[in-house]
Amino acid sequence: VYTYIDDIIIASKKIEEYLKYIKTVLNIFNKIYIYISIKKSFVAYPLVRLLSYIVNSEGVAKIDNRLTIFKKLKFFDIFKTLEQYLSIAR
């Protein structure tokens with residue numbers, strides 16, 4: 001069980017363990033009068049993307065799309081294309 005401000009992430013490799021964690025968390029909430037919104041709940045999803053994390057049956061993995069996208073940029077192609085455009089525009 002992972003928490004972040006008002007988010008609770010329950011993940012497990014086994015469905016029985018997952019259901020046990022959900023029951024435990026809901027029982028705790030019930031005792032202290034905390035209610036959850038069904039509309040904002042994701043239950044039994046194979047993969048959930050939260051903030052900069054992916055939660056799935058393998059566990060929790062940090063991702064950073066900006067870094068991934070930046071690494072995929074091909075600067076030489078961009079500069080070459082820019083040079084070609086500038087030479088045509090003259």
# chains A, B, ... in the order shown; residues from 1 in each chain; ligands from 1
call {"tool": "residues_around", "arguments": {"residues": "segment 26-40 of chain A", "least_positions_apart": "6", "cutoff": "12 Å", "atoms": "only C-alpha atoms", "output": "list in words"}}
result
Asp6, Asp7, Ile8, Ile10, Leu19 and Lys20 of chain A
call {"tool": "atom_distance", "arguments": {"atom1": "atom CA of Ser52 of chain A", "atom2": "atom CA of Tyr4 of chain A"}}
result
12.2 Å
call {"tool": "closest_residue", "arguments": {"among": "A:Ile54, A:Ala61, A:Val43, A:Val48", "to": "Ile22 of chain A", "atoms": "only C-alpha atoms"}}
result
A:Val43
call {"tool": "atom_distance", "arguments": {"atom1": "atom CA of Tyr18 of chain A", "atom2": "atom CA of Asp64 of chain A"}}
result
26.9 Å
call {"tool": "closest_residue", "arguments": {"among": "A:Ser12, A:Thr24, A:Ser87, A:Thr81", "to": "Gly59 of chain A", "atoms": "only C-alpha atoms"}}
result
A:Ser12
